[in-house]
file final-v8.tsv (TSV, C-alpha atoms)
chain	number	residue	atom	x	y	z
M	1	MET	CA	-12.81	-17.36	-62.92
M	2	ALA	CA	-14.17	-19.00	-59.81
M	3	SER	CA	-17.13	-21.27	-60.32
M	4	LEU	CA	-20.59	-20.29	-59.18
M	5	ARG	CA	-20.50	-22.74	-56.36
M	6	ASP	CA	-17.14	-21.49	-55.08
M	7	ILE	CA	-18.41	-17.93	-54.92
M	8	LYS	CA	-21.59	-19.05	-53.20
M	9	THR	CA	-19.57	-20.87	-50.50
M	10	ARG	CA	-17.44	-17.81	-49.89
M	11	ILE	CA	-20.47	-15.57	-49.57
M	12	THR	CA	-22.05	-17.91	-47.03
M	13	SER	CA	-18.92	-18.21	-44.92
M	14	THR	CA	-18.27	-14.46	-44.96
M	15	LYS	CA	-21.85	-13.88	-43.90
M	16	LYS	CA	-21.42	-16.22	-40.97
M	17	THR	CA	-18.21	-14.47	-39.92
M	18	SER	CA	-19.89	-11.10	-40.07
M	19	GLN	CA	-22.72	-12.40	-37.89
M	20	ILE	CA	-20.15	-13.36	-35.28
M	21	THR	CA	-18.26	-10.09	-35.43
M	22	LYS	CA	-21.53	-8.18	-35.29
M	23	ALA	CA	-22.51	-10.08	-32.15
M	24	MET	CA	-19.09	-9.43	-30.61
M	25	GLN	CA	-19.43	-5.77	-31.42
M	26	MET	CA	-22.73	-5.58	-29.58
M	27	VAL	CA	-21.35	-7.48	-26.59
M	28	SER	CA	-18.42	-5.05	-26.40
M	29	ALA	CA	-20.76	-2.09	-26.70
M	30	SER	CA	-22.76	-3.20	-23.69
M	31	LYS	CA	-19.60	-4.01	-21.74
M	32	LEU	CA	-18.27	-0.58	-22.60
M	33	SER	CA	-21.28	1.19	-21.23
M	34	ARG	CA	-20.94	-0.75	-17.98
M	35	ALA	CA	-17.23	-0.04	-17.82
M	36	GLU	CA	-17.95	3.64	-18.21
M	37	VAL	CA	-20.41	3.48	-15.31
M	38	ASN	CA	-17.77	1.76	-13.18
M	39	ALA	CA	-15.16	4.33	-14.07
M	40	LYS	CA	-17.61	7.08	-13.13
M	41	ALA	CA	-18.42	5.47	-9.79
M	42	PHE	CA	-14.75	5.58	-8.96
M	43	VAL	CA	-14.35	9.31	-9.65
M	44	PRO	CA	-15.70	10.67	-6.33
M	45	TYR	CA	-13.38	8.40	-4.37
M	46	MET	CA	-10.35	9.40	-6.41
M	47	GLU	CA	-11.15	13.10	-6.23
M	48	LYS	CA	-11.61	12.99	-2.49
M	49	ILE	CA	-8.45	11.07	-1.83
M	50	GLN	CA	-6.50	13.42	-4.09
M	51	ASP	CA	-7.96	16.36	-2.25
M	52	VAL	CA	-6.93	15.09	1.15
M	53	VAL	CA	-3.48	13.97	0.04
M	54	ALA	CA	-2.86	17.36	-1.54
M	55	SER	CA	-4.00	19.26	1.51
M	56	ILE	CA	-1.89	17.18	3.86
M	57	ALA	CA	1.11	17.43	1.56
M	58	ALA	CA	0.62	21.20	1.39
M	59	GLY	CA	0.14	21.49	5.14
M	60	SER	CA	3.20	19.59	6.29
M	61	THR	CA	6.39	20.81	4.72
M	62	ASP	CA	8.70	18.10	5.95
M	63	THR	CA	7.61	15.11	3.93
M	64	SER	CA	9.59	12.40	5.54
M	65	ASN	CA	7.35	9.65	4.26
M	66	PRO	CA	9.49	7.33	2.13
M	67	MET	CA	6.80	7.12	-0.51
M	68	MET	CA	7.20	10.81	-1.30
M	69	ILE	CA	10.96	10.89	-1.52
M	70	ALA	CA	12.75	10.22	-4.80
M	71	ARG	CA	15.71	7.95	-4.18
M	72	PRO	CA	18.55	6.98	-6.48
M	73	VAL	CA	17.08	4.66	-9.04
M	74	LYS	CA	18.67	1.25	-9.19
M	75	LYS	CA	15.67	-0.60	-10.50
M	76	THR	CA	12.54	0.57	-12.25
M	77	ALA	CA	9.23	-1.22	-12.35
M	78	TYR	CA	6.89	-0.97	-15.29
M	79	LEU	CA	3.27	-1.74	-14.62
M	80	VAL	CA	1.70	-2.54	-17.95
M	81	ILE	CA	-2.02	-2.96	-18.36
M	82	THR	CA	-3.04	-5.07	-21.36
M	83	SER	CA	-6.01	-7.25	-22.18
M	84	ASP	CA	-6.41	-10.97	-21.74
M	85	ARG	CA	-7.60	-11.69	-25.24
M	86	GLY	CA	-7.01	-10.41	-28.74
M	87	LEU	CA	-9.52	-9.10	-31.26
M	88	VAL	CA	-9.10	-5.64	-29.81
M	89	GLY	CA	-7.41	-3.91	-32.72
M	90	GLY	CA	-4.27	-2.01	-31.81
M	91	TYR	CA	-5.06	-1.95	-28.10
M	92	ASN	CA	-2.24	-4.21	-26.95
M	93	SER	CA	0.32	-3.53	-29.66
M	94	ASN	CA	0.17	0.23	-29.09
M	95	ILE	CA	0.92	-0.17	-25.41
M	96	LEU	CA	3.60	-2.78	-25.82
M	97	ARG	CA	5.32	-0.74	-28.51
M	98	THR	CA	5.38	2.34	-26.29
M	99	VAL	CA	6.70	0.39	-23.33
M	100	MET	CA	9.40	-1.26	-25.41
M	101	SER	CA	10.63	2.02	-26.84
M	102	ARG	CA	10.68	3.59	-23.37
M	103	ILE	CA	12.61	0.66	-21.97
M	104	ARG	CA	15.14	0.79	-24.82
M	105	GLU	CA	15.58	4.50	-24.22
M	106	ARG	CA	16.16	4.18	-20.51
M	107	HIS	CA	17.87	0.88	-19.96
M	108	THR	CA	20.68	-1.03	-21.53
M	109	SER	CA	20.33	-4.24	-19.59
M	110	ASN	CA	17.34	-6.42	-18.70
M	111	ASP	CA	18.52	-6.41	-15.09
M	112	ASP	CA	17.74	-2.72	-14.60
M	113	PHE	CA	14.01	-3.08	-14.61
M	114	VAL	CA	11.16	-5.42	-13.81
M	115	ILE	CA	7.72	-5.81	-15.28
M	116	LEU	CA	4.44	-5.97	-13.43
M	117	SER	CA	1.93	-7.17	-15.91
M	118	VAL	CA	-1.83	-7.05	-15.90
M	119	GLY	CA	-3.40	-9.06	-18.70
M	120	ARG	CA	-2.36	-12.20	-20.51
M	121	LYS	CA	-1.14	-10.46	-23.68
M	122	GLY	CA	1.41	-8.40	-21.82
M	123	LYS	CA	2.63	-11.40	-19.88
M	124	GLU	CA	3.13	-13.47	-23.02
M	125	PHE	CA	4.91	-10.63	-24.76
M	126	PHE	CA	7.37	-9.86	-21.98
M	127	THR	CA	8.07	-13.53	-21.34
M	128	LYS	CA	9.00	-13.92	-25.00
M	129	GLN	CA	11.30	-10.90	-24.70
M	130	GLY	CA	13.06	-12.59	-21.81
M	131	MET	CA	12.27	-9.87	-19.31
M	132	THR	CA	11.67	-10.34	-15.63
M	133	ILE	CA	8.02	-10.40	-14.72
M	134	LEU	CA	7.80	-9.91	-11.01
M	135	GLU	CA	4.04	-10.05	-10.70
M	136	SER	CA	1.24	-10.69	-13.07
M	137	ALA	CA	-2.50	-10.71	-12.90
M	138	ILE	CA	-4.44	-12.49	-15.59
M	139	ALA	CA	-8.07	-13.41	-16.17
M	140	LEU	CA	-9.44	-10.36	-14.42
M	141	PRO	CA	-13.20	-10.01	-14.74
M	142	ASP	CA	-14.57	-7.60	-17.33
M	143	HIS	CA	-15.76	-5.32	-14.59
M	144	PRO	CA	-13.15	-5.59	-11.87
M	145	THR	CA	-13.94	-4.51	-8.34
M	146	PHE	CA	-11.30	-3.17	-6.03
M	147	ALA	CA	-11.13	-6.51	-4.26
M	148	ASP	CA	-10.18	-8.26	-7.53
M	149	ILE	CA	-7.01	-6.29	-8.03
M	150	LYS	CA	-6.10	-5.58	-4.43
M	151	GLU	CA	-3.49	-8.31	-4.54
M	152	ILE	CA	-1.41	-6.84	-7.35
M	153	THR	CA	-1.79	-3.23	-6.24
M	154	ARG	CA	-0.76	-4.12	-2.72
M	155	LYS	CA	2.26	-6.00	-4.01
M	156	ALA	CA	3.20	-3.22	-6.43
M	157	VAL	CA	3.15	-0.64	-3.65
M	158	GLY	CA	4.68	-2.99	-1.09
M	159	MET	CA	7.67	-3.85	-3.24
M	160	PHE	CA	8.37	-0.16	-3.70
M	161	SER	CA	8.29	0.31	0.07
M	162	ASP	CA	10.64	-2.58	0.76
M	163	GLY	CA	13.12	-1.37	-1.83
M	164	THR	CA	12.71	-4.05	-4.51
M	165	TYR	CA	12.53	-1.19	-6.97
M	166	ASP	CA	12.83	2.58	-6.70
M	167	GLU	CA	10.26	3.92	-9.08
M	168	VAL	CA	7.09	2.68	-10.72
M	169	TYR	CA	5.76	3.73	-14.09
M	170	MET	CA	2.36	2.67	-15.27
M	171	TYR	CA	1.19	2.25	-18.87
M	172	TYR	CA	-2.41	1.94	-19.92
M	173	ASN	CA	-4.80	3.03	-22.62
M	174	HIS	CA	-6.65	6.11	-21.55
M	175	PHE	CA	-10.26	6.12	-22.69
M	176	VAL	CA	-10.85	9.30	-24.67
M	177	SER	CA	-13.91	8.25	-26.62
M	178	ALA	CA	-15.38	5.09	-28.08
M	179	ILE	CA	-13.16	5.46	-31.13
M	180	GLN	CA	-10.07	6.94	-29.54
M	181	GLN	CA	-7.79	5.55	-26.87
M	182	GLU	CA	-4.51	7.05	-25.88
M	183	VAL	CA	-1.49	5.27	-24.49
M	184	THR	CA	-0.69	7.00	-21.23
M	185	GLU	CA	2.38	6.87	-19.07
M	186	THR	CA	2.06	7.77	-15.41
M	187	LYS	CA	4.63	7.81	-12.70
M	188	VAL	CA	2.95	6.16	-9.75
M	189	LEU	CA	5.77	6.10	-7.23
M	190	PRO	CA	7.47	7.93	-5.64
M	191	LEU	CA	4.72	10.48	-5.21
M	192	THR	CA	6.86	13.51	-5.80
M	193	ASP	CA	4.52	15.64	-7.82
M	194	ILE	CA	1.47	16.02	-5.64
M	195	GLN	CA	0.04	19.41	-6.47
M	196	PRO	CA	-1.69	21.39	-3.75
M	197	THR	CA	-5.24	22.02	-4.93
M	198	GLY	CA	-5.31	25.61	-3.76
M	199	SER	CA	-8.41	26.08	-1.66
M	200	THR	CA	-7.76	23.44	0.94
M	201	ALA	CA	-9.06	23.51	4.44
M	202	SER	CA	-6.44	23.19	7.11
M	203	TYR	CA	-7.08	20.00	9.00
M	204	GLU	CA	-6.42	18.70	12.44
M	205	PHE	CA	-4.67	15.37	12.25
M	206	ASP	CA	-5.44	12.54	14.57
M	207	PRO	CA	-2.96	11.24	15.67
M	208	SER	CA	-0.49	13.07	13.36
M	209	ALA	CA	0.02	14.05	9.74
M	210	GLU	CA	2.83	11.50	9.39
M	211	ALA	CA	0.70	8.67	10.73
M	212	ILE	CA	-2.07	9.57	8.34
M	213	LEU	CA	0.22	9.79	5.36
M	214	GLU	CA	1.43	6.33	6.21
M	215	VAL	CA	-2.09	4.99	5.76
M	216	LEU	CA	-3.13	7.36	3.06
M	217	LEU	CA	-0.27	7.22	0.57
M	218	PRO	CA	-0.35	3.48	-0.10
M	219	GLN	CA	-4.09	3.75	-0.48
M	220	TYR	CA	-3.62	6.66	-2.85
M	221	ALA	CA	-1.07	4.82	-4.97
M	222	GLU	CA	-3.30	1.76	-5.05
M	223	SER	CA	-6.25	3.80	-6.18
M	224	LEU	CA	-4.16	5.39	-8.93
M	225	ILE	CA	-3.54	1.89	-10.24
M	226	PHE	CA	-7.15	0.87	-9.85
M	227	GLY	CA	-8.27	3.99	-11.69
M	228	ALA	CA	-5.91	3.18	-14.55
M	229	LEU	CA	-7.25	-0.35	-14.67
M	230	LEU	CA	-10.85	0.82	-14.92
M	231	ASP	CA	-9.80	3.27	-17.60
M	232	GLY	CA	-7.93	0.52	-19.41
M	233	LYS	CA	-10.92	-1.81	-19.25
M	234	ALA	CA	-13.18	0.84	-20.75
M	235	SER	CA	-10.61	1.35	-23.51
M	236	GLU	CA	-10.37	-2.39	-24.06
M	237	HIS	CA	-14.09	-2.73	-24.63
M	238	ALA	CA	-14.11	0.36	-26.82
M	239	ALA	CA	-11.18	-0.92	-28.89
M	240	SER	CA	-12.80	-4.31	-29.22
M	241	MET	CA	-16.06	-2.68	-30.29
M	242	THR	CA	-14.30	-0.59	-32.94
M	243	ALA	CA	-12.28	-3.53	-34.20
M	244	MET	CA	-15.38	-5.69	-34.49
M	245	LYS	CA	-17.29	-2.91	-36.17
M	246	SER	CA	-14.67	-2.50	-38.86
M	247	ALA	CA	-14.52	-6.27	-39.27
M	248	THR	CA	-18.28	-6.31	-39.80
M	249	ASP	CA	-18.01	-3.44	-42.29
M	250	ASN	CA	-15.23	-5.19	-44.16
M	251	ALA	CA	-17.28	-8.35	-44.27
M	252	SER	CA	-20.27	-6.56	-45.78
M	253	ASP	CA	-18.01	-4.90	-48.38
M	254	LEU	CA	-16.63	-8.29	-49.21
M	255	ILE	CA	-20.10	-9.79	-49.45
M	256	GLY	CA	-21.12	-6.93	-51.76
M	257	GLY	CA	-18.19	-7.59	-54.07
M	258	LEU	CA	-18.74	-11.31	-54.05
M	259	THR	CA	-22.45	-10.96	-54.76
M	260	LEU	CA	-21.66	-8.81	-57.77
M	261	GLN	CA	-19.16	-11.39	-58.96
M	262	TYR	CA	-21.70	-14.15	-58.38
M	263	ASN	CA	-24.39	-12.38	-60.38
M	264	ARG	CA	-22.01	-11.67	-63.23
M	265	ALA	CA	-20.92	-15.30	-63.35
M	266	ARG	CA	-24.53	-16.43	-63.28
M	267	GLN	CA	-25.42	-14.03	-66.08
M	268	ALA	CA	-22.44	-15.18	-68.12
M	269	ALA	CA	-23.50	-18.78	-67.71
M	270	ILE	CA	-27.04	-18.00	-68.87
M	271	THR	CA	-25.81	-16.01	-71.85
M	272	GLN	CA	-23.51	-18.80	-72.81
M	273	GLU	CA	-26.30	-21.35	-72.58
M	274	ILE	CA	-28.60	-19.25	-74.74
M	275	SER	CA	-25.97	-18.68	-77.39
M	276	GLU	CA	-25.27	-22.41	-77.40
M	277	ILE	CA	-28.96	-23.15	-77.97
M	278	VAL	CA	-29.22	-20.48	-80.65
M	279	GLY	CA	-26.07	-21.76	-82.27
M	280	GLY	CA	-27.39	-25.32	-82.15
M	281	ALA	CA	-30.73	-24.27	-83.68
M	282	ALA	CA	-28.94	-22.32	-86.43
M	283	ALA	CA	-26.85	-25.36	-87.31
M	284	LEU	CA	-30.03	-27.46	-87.84
M	285	GLU	CA	-31.52	-25.10	-90.43
K	286	MET	CA	-31.89	19.43	15.34
K	287	LYS	CA	-28.67	20.15	13.48
K	288	THR	CA	-27.49	17.55	11.03
K	289	ILE	CA	-24.31	16.70	9.22
K	290	THR	CA	-23.94	15.17	5.77
K	291	VAL	CA	-22.24	11.80	5.62
K	292	ASN	CA	-20.70	10.36	2.50
K	293	ILE	CA	-19.16	6.92	2.43
K	294	VAL	CA	-17.26	6.25	-0.77
K	295	THR	CA	-15.26	3.24	-1.89
K	296	PRO	CA	-13.36	2.56	-5.11
K	297	ASP	CA	-16.40	0.61	-6.30
K	298	GLY	CA	-18.70	3.57	-5.86
K	299	PRO	CA	-20.59	5.49	-3.19
K	300	VAL	CA	-22.13	3.39	-0.44
K	301	TYR	CA	-23.95	5.89	1.70
K	302	ASP	CA	-25.07	9.48	1.42
K	303	SER	CA	-27.43	11.03	3.93
K	304	GLU	CA	-27.99	13.57	6.69
K	305	VAL	CA	-27.44	12.32	10.22
K	306	SER	CA	-27.24	13.92	13.62
K	307	MET	CA	-24.15	12.08	14.85
K	308	VAL	CA	-21.42	9.85	13.48
K	309	ILE	CA	-19.42	7.45	15.62
K	310	ALA	CA	-16.43	5.82	13.98
K	311	VAL	CA	-13.55	3.64	15.11
K	312	THR	CA	-10.33	5.46	14.30
K	313	ALA	CA	-6.80	4.24	14.81
K	314	THR	CA	-6.62	5.97	18.19
K	315	GLY	CA	-10.05	4.97	19.45
K	316	GLU	CA	-13.71	5.70	19.02
K	317	MET	CA	-14.60	9.14	17.80
K	318	GLY	CA	-17.98	10.83	17.94
K	319	ILE	CA	-18.66	13.57	15.45
K	320	LEU	CA	-21.40	16.15	15.79
K	321	PRO	CA	-22.27	18.92	13.33
K	322	GLY	CA	-19.78	21.79	13.47
K	323	HIS	CA	-16.75	19.59	14.17
K	324	ILE	CA	-13.33	21.10	13.53
K	325	PRO	CA	-11.79	19.94	10.18
K	326	THR	CA	-9.99	16.70	10.94
K	327	VAL	CA	-8.47	13.76	9.14
K	328	ALA	CA	-8.05	10.43	10.90
K	329	PRO	CA	-7.28	6.90	9.72
K	330	LEU	CA	-9.96	4.29	10.28
K	331	GLY	CA	-9.59	0.79	11.62
K	332	ILE	CA	-11.71	-2.19	10.73
K	333	GLY	CA	-14.98	-1.53	12.45
K	334	ALA	CA	-18.50	-0.28	12.38
K	335	VAL	CA	-19.52	3.28	11.66
K	336	ARG	CA	-22.64	4.23	13.60
K	337	LEU	CA	-24.84	6.83	11.99
K	338	LYS	CA	-27.35	8.26	14.43
K	339	LYS	CA	-30.49	9.80	13.10
K	340	GLU	CA	-33.34	11.33	15.10
K	341	ASN	CA	-34.63	8.05	16.48
K	342	SER	CA	-32.74	5.35	14.68
K	343	THR	CA	-29.17	4.19	14.24
K	344	GLU	CA	-27.73	2.78	11.06
K	345	LEU	CA	-24.63	0.65	10.89
K	346	VAL	CA	-22.06	0.42	8.13
K	347	ALA	CA	-19.14	-1.99	8.21
K	348	VAL	CA	-15.98	-0.31	6.94
K	349	ASN	CA	-12.58	-1.76	6.26
K	350	GLY	CA	-9.64	0.57	6.59
K	351	GLY	CA	-9.39	3.89	4.89
K	352	PHE	CA	-9.80	7.21	6.56
K	353	LEU	CA	-12.22	9.84	7.69
K	354	GLU	CA	-12.31	13.44	6.58
K	355	ILE	CA	-14.34	15.81	8.69
K	356	ARG	CA	-15.49	19.29	7.81
K	357	PRO	CA	-17.92	21.31	9.90
K	358	GLU	CA	-20.90	20.42	7.71
K	359	LYS	CA	-19.71	17.25	6.06
K	360	VAL	CA	-18.10	13.92	6.89
K	361	THR	CA	-16.49	11.86	4.16
K	362	ILE	CA	-15.39	8.33	4.79
K	363	LEU	CA	-13.00	6.88	2.23
K	364	ALA	CA	-12.79	3.15	2.74
K	365	GLN	CA	-11.32	0.37	0.65
K	366	SER	CA	-14.58	-1.43	1.17
K	367	ALA	CA	-17.77	-0.64	3.03
K	368	GLU	CA	-21.09	-2.37	3.38
K	369	HIS	CA	-24.36	-1.16	4.79
K	370	ALA	CA	-25.80	-3.52	7.41
K	371	THR	CA	-28.73	-4.36	5.12
K	372	ASP	CA	-26.42	-5.26	2.22
K	373	ILE	CA	-24.22	-7.69	4.10
K	374	ASP	CA	-24.36	-11.28	2.98
K	375	LEU	CA	-24.27	-13.09	6.32
K	376	ALA	CA	-23.60	-16.52	4.86
K	377	ARG	CA	-20.61	-15.20	2.94
K	378	ALA	CA	-19.24	-13.39	5.98
K	379	GLN	CA	-19.52	-16.54	8.09
K	380	GLU	CA	-17.89	-18.52	5.32
K	381	SER	CA	-14.88	-16.20	5.17
K	382	ALA	CA	-14.65	-16.13	8.98
K	383	LYS	CA	-14.42	-19.91	8.95
K	384	ARG	CA	-11.84	-19.87	6.20
K	385	ALA	CA	-9.73	-17.31	8.04
K	386	GLU	CA	-9.92	-19.34	11.24
K	387	ALA	CA	-8.76	-22.45	9.44
K	388	LEU	CA	-5.84	-20.49	7.98
K	389	LEU	CA	-4.93	-19.18	11.40
K	390	GLN	CA	-4.81	-22.73	12.76
K	391	ALA	CA	-2.72	-23.99	9.89
K	392	ASN	CA	-0.24	-21.23	9.34
K	393	LYS	CA	3.03	-20.54	11.03
K	394	ASN	CA	4.19	-18.06	8.39
K	395	GLU	CA	4.04	-14.58	9.84
K	396	ILE	CA	2.76	-12.69	6.82
K	397	ASP	CA	0.03	-15.21	6.05
K	398	PHE	CA	-0.87	-15.26	9.71
K	399	LYS	CA	-1.35	-11.51	9.77
K	400	ARG	CA	-3.36	-11.60	6.60
K	401	ALA	CA	-5.62	-14.31	7.96
K	402	GLU	CA	-6.00	-12.38	11.18
K	403	LEU	CA	-7.12	-9.29	9.25
K	404	ALA	CA	-9.49	-11.35	7.15
K	405	LEU	CA	-11.01	-12.79	10.31
K	406	LYS	CA	-11.36	-9.33	11.79
K	407	ARG	CA	-13.13	-8.07	8.68
K	408	ALA	CA	-15.47	-11.04	8.61
K	409	MET	CA	-16.30	-10.73	12.32
K	410	ASN	CA	-16.92	-7.04	11.83
K	411	ARG	CA	-19.40	-7.74	9.06
K	412	ILE	CA	-21.17	-10.38	11.10
K	413	ASN	CA	-21.40	-8.02	14.08
K	414	VAL	CA	-22.72	-5.19	11.97
K	415	TYR	CA	-25.28	-7.47	10.37
K	416	GLU	CA	-26.53	-8.64	13.72
K	417	GLY	CA	-26.36	-5.14	15.13
K	418	ASN	CA	-24.45	-6.06	18.29
K	419	ILE	CA	-21.86	-3.31	18.44

call {"tool": "encode", "arguments": {"input": "final-v8.tsv", "output": "structure tokens"}}
result
Amino acid sequence: MASLRDIKTRITSTKKTSQITKAMQMVSASKLSRAEVNAKAFVPYMEKIQDVVASIAAGSTDTSNPMMIARPVKKTAYLVITSDRGLVGGYNSNILRTVMSRIRERHTSNDDFVILSVGRKGKEFFTKQGMTILESAIALPDHPTFADIKEITRKAVGMFSDGTYDEVYMYYNHFVSAIQQEVTETKVLPLTDIQPTGSTASYEFDPSAEAILEVLLPQYAESLIFGALLDGKASEHAASMTAMKSATDNASDLIGGLTLQYNRARQAAITQEISEIVGGAAALE
Amino acid sequence: MKTITVNIVTPDGPVYDSEVSMVIAVTATGEMGILPGHIPTVAPLGIGAVRLKKENSTELVAVNGGFLEIRPEKVTILAQSAEHATDIDLARAQESAKRAEALLQANKNEIDFKRAELALKRAMNRINVYEGNI
């Protein structure tokens, strides 16, 4: 049995750990609420752009824009959104596992695909796997603005246009609720499945529908990526909050158990002392 | 007087939402004035100022790229970034103008040159909008 002092030390250190995890939980909670606000602010932009893209796509039947045409796939790009740091529960491992199983399903050789990685964890993982990372963005702020990620979105879309790869899939954790995040796979490019929204006004195009699509489609693809990133950030904070909450709960369970053990040991020591005294007194009589 | 609703939205959130009597924007093909009742139109935007005319005042918003969607009673501007004249940080704009100029001097590389040129254009646009000399 551990000595009284040993148990006491463990209780103190567990308490300190739980204070830290508790603080981290609260930090994540506040970051989460801000991330949700950011994701909401982005919604009107995304809806509008989707609306216009759909109505143009519906209006002009001959979609000659290269971004809308599926071409024979020689190389696939996987855009994987992970976090920069750990302590986020299954956030990163879920995504990376899904991506790996998809890659194994689709490709036999590492030369058939490239990785575009957002987040340090993803970069480290894919480097270790010996895969080609074409672009990576790390150390993004907790609440990224469009300007922060413009670089990687522009490159991701640009390299599709110049033929470096022929399709782009994106993986991120979709924020369902504070306790549930879902790994989501989206095909970003080519934009083959743009659904007409039904009640769309017929527009005049200045100068022409083609010229507008040329400006609009890259912007649309970039905003798809940005939307996923905001979603992923919200999930990251939510996952981190949940992980820290369960760590705090575990710590208090542990402290409970240890306190019980401590009290028992203390009681045993007292009982022993008393019986020693009684025994000693009895021997004197 | 008839008015038209103007919405300016960027990926970072809405920037402007109000009723105005006329919108003047710089599109890819030139300046475009929009009055209430305009035919539904979509046009790409350049880097420039959007002028929003109200009864007896004019507001300026610096926009960078994106496009313009017009419906008879509503104008929506979707820009990658947009700043209202009162929100522009002049010092920062001047700083980035200087930086872009330095890059232009230094660079022979075509892509970097273009990028610097665009950055300079954006910065000059913000400075102009801030000072109101459009």

call {"tool": "interface_residues", "arguments": {"input": "final-v8.tsv", "of": "chain M", "to": "chain K", "cutoff": "9 Å", "atoms": "all atoms listed in the file", "output": "VMD selection string"}}
result
chain M and resid 38 to 46 48 to 49 52 144 to 147 201 to 209 211 to 212 215 to 216 219 223 226 to 227

call {"tool": "atom_distance", "arguments": {"input": "final-v8.tsv", "atom1": "atom CA of M:Asp111", "atom2": "atom CA of M:Thr76"}}
result
9.6 Å

call {"tool": "residues_around", "arguments": {"input": "final-v8.tsv", "residues": "M:Ala221", "least_positions_apart": "3", "cutoff": "10 Å", "atoms": "all atoms listed in the file", "output": "PyMOL selection string"}}
result
chain M and resi 67+153-154+156-157+188-191+216-218+224-227

call {"tool": "residues_around", "arguments": {"input": "final-v8.tsv", "residues": "M:Asn110", "least_positions_apart": "3", "cutoff": "10 Å", "atoms": "all atoms listed in the file", "output": "list in words"}}
result
Ile103, Arg104, His107, Phe113, Val114, Gln129, Gly130, Met131 and Thr132 of chain M

call {"tool": "atom_distance", "arguments": {"input": "final-v8.tsv", "atom1": "atom CA of M:Thr21", "atom2": "atom CA of M:Met244"}}
result
5.3 Å

call {"tool": "atom_distance", "arguments": {"input": "final-v8.tsv", "atom1": "atom CA of K:Gly333", "atom2": "atom CA of K:Glu380"}}
result
18.7 Å

call {"tool": "residues_around", "arguments": {"input": "final-v8.tsv", "residues": "K:Met409", "least_positions_apart": "3", "cutoff": "12 Å", "atoms": "only C-alpha atoms", "output": "VMD selection string"}}
result
chain K and resid 332 to 334 347 to 349 373 375 to 386 402 to 406 412 to 419

call {"tool": "residues_around", "arguments": {"input": "final-v8.tsv", "residues": "stretch 178-187 of chain M", "least_positions_apart": "2", "cutoff": "7 Å", "atoms": "only C-alpha atoms", "output": "PyMOL selection string"}}
result
chain M and resi 95+168-176+189+235+238+242

call {"tool": "closest_residue", "arguments": {"input": "final-v8.tsv", "among": "K:Asp372, K:Glu340, K:Glu316, K:Glu358", "to": "K:Tyr301", "atoms": "all atoms listed in the file"}}
result
K:Asp372
